[in-house]
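Just below is one structure, and these are the notes that go with it.
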Amino acid sequence: MALTAIMVGTAQAGGLMTNTNYHIAFDRMMARSATFDVDAAFSNPAGTVWGHEGWQLSLNFQKPWQNRDITTTVPNYLAVPAGANPLFPNGYAGVNIDKKYNGVASAPIVPALFATYKKDRWAVSAMIGIVGSGGFVQYDDGIPMFNLMTMGKIFEASVKAKAAAPADPTKVIVTPDMYNIDTQVKGKQYIYGAQVNFAYKITDEFSAAVGLRANYYDGYNRGYVTATTLPGLGSQQLMDLQLDVTQRAFGICPIISVNYHKGPLTLTARYEFRTKINTKNSTDALSVTMMGQKTDIKATAEQIGNEKTLAALAASMGTEMASKIKNYMPDEYVRYDMPALFVAAVGYEFSPKLRGTLEYHFFDDKNAQMADDRQKELKHGTHEILAGIEYDINDKFTISCGGQRTDYGLSDGYQQNTSFACDSYSIGLGGAWNINEKIRLNAGYFCTIYSDYTHEQAKYLGTDYSGKDVYSRTNHVIGLGIDYKF
């Protein structure tokens, strides 16, 4: 039985590990890296020297909803051809797996706070928010790799037991129609961030900024799979898997940015360095019970150490299973780096009322270490193209819209039941209301349209049976925020 964590993919915009939407102005316009408004504290720190003179504050709230579904098809799973095994003289047809596993990803109201202060040629800005991932995902019917491998292990163990004592009437070959599986897997992943930037206008057209972001990773992976025979067959427990691991870590990210502004034209660039996040496990439960024989991996590791425990597991269960369990052993370290990010943008003011921005993001995912070096499976880092436009109807009201295209460089080797991504298009729209000279209210909505990813396997999950997983996602975010100028 493989043990692998549920990774909570971001329910917001951005790369595999990084969010880019914090302020509601992003929700309603997408491309914000040429702005001089208060959200420049994140998207264009060097541009804050062209912003409001004095203090600005902004408080924003977003609510995301997302589904992360896996549709699995495996024809004739566990089938045995006629004559292949004396226990099955006429063969065994197996079971047809065709099931959609619905994962509901959600988060409570997600806040973000911005502040800027400008005086003459210099400015300081700060932002606090959830800078990576951000949310929970739960599969109430489990996930394919857990459920199908449970079926496979039970079938394999019962066949071996029957082969060892074919005349023993108590030894019965257990097929999937003889038991129920009660299972659930869920995970949480938040990366909280607080950043500060210092900007200076070097010439009348050019400025630069330097900053730091402190990142705190907080996540857990929890799940269980319990297989019990039907009441008419005695309600006997066949298998029980328990997993409960919490992971936490801290990392620092330097940030540099530049801004060129002359007349209606604005050119910007920003670079965020890779953030090393090396989480440490706090393992509350890690055990496998098979046909009444319990292996308490956590307790064994605490007695004889992780290395000896993994060696024993490799000998009894195979090296592949032992390698997967390694990431959830007590006090083990697991990497979830945030990749370096490069942003370039061009903004243009077509008229005093009409502005537009075109920008590009590159997340260097292949050089950001993931658990089991999974980043090596990507074809390339994440590329994003964003465009947005906003129009001032009058002094009171502004409307805007924008779009984003995200290409992750995915491959079959990267995709997993427990952590998958889908390339996407996002569309945002909304508006702003200048209540008075000091207060602005922002409202926005964006949705993401994902491309399904089909992963066909000649040997599904390493078994002898062919099958496929179709990964699909949906995403919706609404937001409301208020900006205040002192």
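A note on labels: chains of the structure tokens are A, B, ... as shown, every chain counts residues from 1, and ligands are counted from 1 in their shown order.
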
Requested in this report: Identify, on the basis of only C-alpha atoms, every residue whose closest approach to range 419-422 of chain A does not exceed 12 Å; exclude the query and any residue fewer than 5 positions from it along the same chain; express the result as a ChimeraX atom specification.
Outcome: /A:4-11,14-17,67-70,103,137,143,145,186-187,189,221,370-371,374,378,382,405-414,448-455,469-475

Query - helix (DSSP H, G or I) positions in range 212-455 of chain A, given as a ChimeraX atom specification - result: /A:231-233,297-304,306-317,319-328,365-367,371-377

Query raised in the report: Contacts of Asn215 in chain A at 8 Å or less, counting only C-alpha atoms, minus same-chain residues fewer than 2 places along, as number ranges by chain?
Result: A: 131, 191-194, 213, 217, 250-253

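Going from CA of Phe26 in chain A over to CA of Asp39 in chain A, you cover 8.7 Å.
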
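Each of A:Tyr224, A:Leu230, A:Thr203, A:Ala299 was compared to Asp177 in chain A using only C-alpha atoms, and A:Leu230 turns out to be the nearest.
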
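Taking only C-alpha atoms into account, Ser235 in chain A lies nearest to A:Ile181 out of the set A:Ala157, A:Ile277, A:Ile181, A:Val95.
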
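Comparing A:Trp50, A:Phe146, A:Phe155, A:Phe136 by their smallest distance to Val124 in chain A, the closest is A:Trp50 (using only C-alpha atoms).
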
Query raised in the report: Could you name the residues that touch range 349-357 of chain A at 7 Å or less, counting only C-alpha atoms, but leaving out those on the same chain fewer than 3 positions away, as JSON, numbers by chain?
Result: {"A": [31, 34, 264, 265, 345, 346, 387, 388, 389, 390, 391, 392]}

With the cut-off set at 6 Å and counting only C-alpha atoms, tabulate each residue of range 137-206 of chain A with an atom at most that distance from an atom of range 104-121 of chain A, showing the nearest atom pair and its distance in Å to one decimal, ordered by chain and increasing number, as CSV.
```
residue,atom,partner,partner_atom,distance
A:Val137,CA,A:Ala105,CA,4.0
A:Gln138,CA,A:Val104,CA,5.5
A:Tyr200,CA,A:Arg121,CA,5.8
A:Lys201,CA,A:Arg121,CA,5.0
```

**Report entry** For Thr300 in chain A: contacts at 12 Å, only C-alpha atoms, fewer than 6 positions along chain excluded, given as a PyMOL selection string
**Finding:** chain A and resi 285-287+294+306-313+329-330

Could you save those same residues with all heavy atoms as a short mmCIF file (atom, residue, chain, number, x, y, z; two decimals), in the first residue's frame?
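Writing the result to part-v8.cif gives the following:
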```
data_model
loop_
_atom_site.label_atom_id
_atom_site.label_comp_id
_atom_site.auth_asym_id
_atom_site.auth_seq_id
_atom_site.Cartn_x
_atom_site.Cartn_y
_atom_site.Cartn_z
N ALA A 285 0.34 9.67 13.26
CA ALA A 285 -0.11 8.31 12.94
C ALA A 285 0.49 7.88 11.62
O ALA A 285 0.49 8.64 10.65
CB ALA A 285 -1.63 8.23 12.89
N LEU A 286 1.01 6.66 11.60
CA LEU A 286 1.54 6.07 10.38
C LEU A 286 1.59 4.56 10.59
O LEU A 286 2.49 4.04 11.24
CB LEU A 286 2.94 6.61 10.07
CG LEU A 286 3.60 6.14 8.77
CD1 LEU A 286 2.73 6.45 7.56
CD2 LEU A 286 4.98 6.77 8.62
N SER A 287 0.57 3.85 10.10
CA SER A 287 0.48 2.41 10.35
C SER A 287 -0.29 1.72 9.24
O SER A 287 -1.11 2.33 8.55
CB SER A 287 -0.19 2.14 11.70
OG SER A 287 -1.55 2.54 11.67
N LYS A 294 -0.69 -5.85 12.37
CA LYS A 294 -0.45 -4.41 12.36
C LYS A 294 1.03 -4.10 12.33
O LYS A 294 1.81 -4.66 13.09
CB LYS A 294 -1.10 -3.75 13.59
CG LYS A 294 -0.92 -2.22 13.62
CD LYS A 294 -1.65 -1.59 14.78
CE LYS A 294 -1.49 -0.07 14.77
NZ LYS A 294 -2.21 0.58 15.89
N ASN A 306 14.57 5.89 11.95
CA ASN A 306 13.96 5.87 10.62
C ASN A 306 14.70 4.96 9.64
O ASN A 306 14.09 4.22 8.87
CB ASN A 306 13.90 7.30 10.05
CG ASN A 306 12.87 8.16 10.75
OD1 ASN A 306 12.19 7.70 11.66
ND2 ASN A 306 12.75 9.41 10.33
N GLU A 307 16.03 5.01 9.68
CA GLU A 307 16.80 4.27 8.69
C GLU A 307 16.58 2.77 8.81
O GLU A 307 16.34 2.08 7.82
CB GLU A 307 18.29 4.60 8.85
CG GLU A 307 19.16 3.99 7.76
CD GLU A 307 20.60 4.46 7.85
OE1 GLU A 307 20.87 5.48 8.52
OE2 GLU A 307 21.47 3.78 7.27
N LYS A 308 16.64 2.24 10.02
CA LYS A 308 16.44 0.80 10.22
C LYS A 308 14.99 0.40 9.92
O LYS A 308 14.74 -0.68 9.38
CB LYS A 308 16.81 0.40 11.64
CG LYS A 308 18.31 0.48 11.94
CD LYS A 308 18.61 0.02 13.35
CE LYS A 308 20.10 0.06 13.63
NZ LYS A 308 20.41 -0.37 15.02
N THR A 309 14.05 1.28 10.27
CA THR A 309 12.65 0.98 10.00
C THR A 309 12.39 0.90 8.50
O THR A 309 11.71 -0.02 8.02
CB THR A 309 11.74 2.06 10.63
OG1 THR A 309 11.96 2.11 12.03
CG2 THR A 309 10.27 1.77 10.36
N LEU A 310 12.94 1.86 7.74
CA LEU A 310 12.75 1.85 6.29
C LEU A 310 13.41 0.63 5.65
O LEU A 310 12.88 0.06 4.69
CB LEU A 310 13.30 3.14 5.69
CG LEU A 310 12.48 4.41 6.00
CD1 LEU A 310 13.24 5.65 5.58
CD2 LEU A 310 11.13 4.35 5.29
N ALA A 311 14.56 0.24 6.18
CA ALA A 311 15.23 -0.96 5.66
C ALA A 311 14.36 -2.20 5.88
O ALA A 311 14.24 -3.06 5.00
CB ALA A 311 16.59 -1.13 6.32
N ALA A 312 13.74 -2.30 7.06
CA ALA A 312 12.87 -3.44 7.35
C ALA A 312 11.63 -3.41 6.46
O ALA A 312 11.17 -4.46 5.98
CB ALA A 312 12.47 -3.41 8.83
N LEU A 313 11.08 -2.22 6.22
CA LEU A 313 9.91 -2.11 5.35
C LEU A 313 10.26 -2.49 3.92
O LEU A 313 9.47 -3.14 3.23
CB LEU A 313 9.36 -0.68 5.40
CG LEU A 313 8.66 -0.27 6.69
CD1 LEU A 313 8.34 1.21 6.65
CD2 LEU A 313 7.39 -1.07 6.90
N MET A 329 7.86 9.86 7.67
CA MET A 329 8.45 9.31 8.89
C MET A 329 8.62 10.42 9.92
O MET A 329 8.76 11.60 9.58
CB MET A 329 9.80 8.68 8.58
CG MET A 329 9.73 7.52 7.60
SD MET A 329 8.91 6.07 8.27
CE MET A 329 10.21 5.45 9.35
N PRO A 330 8.61 10.09 11.21
CA PRO A 330 8.78 11.10 12.25
C PRO A 330 10.07 11.89 12.06
O PRO A 330 11.14 11.32 11.81
CB PRO A 330 8.82 10.27 13.55
CG PRO A 330 8.10 9.01 13.21
CD PRO A 330 8.41 8.74 11.76
#
```

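Close contacts of Gly51 in chain A, defined as residues with an atom at most 9 Å away when counting only C-alpha atoms, with chain neighbours fewer than 4 positions off set aside, comprise Thr35, Phe36, Asp37, Val38, Ala40, Gly47, Thr116, Tyr117, Lys118 and Ala123 of chain A.
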
Considering only C-alpha atoms, return as a PDB file with N, CA and C atoms, in the first residue's frame whatever protein or nucleic-acid residues lie within 9 Å of Ala458 in chain A, sequence-local ones (same chain, fewer than 5 positions apart) excluded.
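Now in selection_22.pdb:
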```pdb
ATOM      1  N   THR A 463       0.705  -1.865 -11.572  1.00  0.00           N
ATOM      2  CA  THR A 463       0.066  -3.187 -11.624  1.00  0.00           C
ATOM      3  C   THR A 463       0.193  -3.766 -13.033  1.00  0.00           C
ATOM      4  N   ASP A 464      -0.385  -4.922 -13.242  1.00  0.00           N
ATOM      5  CA  ASP A 464      -0.363  -5.559 -14.556  1.00  0.00           C
ATOM      6  C   ASP A 464      -1.548  -5.160 -15.421  1.00  0.00           C
ATOM      7  N   TYR A 465      -2.289  -4.153 -15.029  1.00  0.00           N
ATOM      8  CA  TYR A 465      -3.522  -3.785 -15.724  1.00  0.00           C
ATOM      9  C   TYR A 465      -3.398  -2.374 -16.295  1.00  0.00           C
ATOM     10  N   SER A 466      -3.912  -2.176 -17.490  1.00  0.00           N
ATOM     11  CA  SER A 466      -3.882  -0.862 -18.116  1.00  0.00           C
ATOM     12  C   SER A 466      -5.061  -0.032 -17.621  1.00  0.00           C
ATOM     13  N   GLY A 467      -4.869   1.273 -17.581  1.00  0.00           N
ATOM     14  CA  GLY A 467      -5.932   2.161 -17.134  1.00  0.00           C
ATOM     15  C   GLY A 467      -5.538   3.611 -17.351  1.00  0.00           C
ATOM     16  N   LYS A 468      -6.402   4.501 -16.929  1.00  0.00           N
ATOM     17  CA  LYS A 468      -6.106   5.922 -17.095  1.00  0.00           C
ATOM     18  C   LYS A 468      -6.783   6.735 -16.007  1.00  0.00           C
TER      19      LYS A 468
END
```

Requested in this report: Run DSSP on the backbone of this structure and report the residues of range 382-469 of chain A it assigns to strand (DSSP E), as a ChimeraX atom specification.
Outcome: /A:382-392,397-407,424-434,439-450,453-457,467-469

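Pairwise distance (CA of Asp395 in chain A, CA of Gly263 in chain A) equals 21.1 Å.
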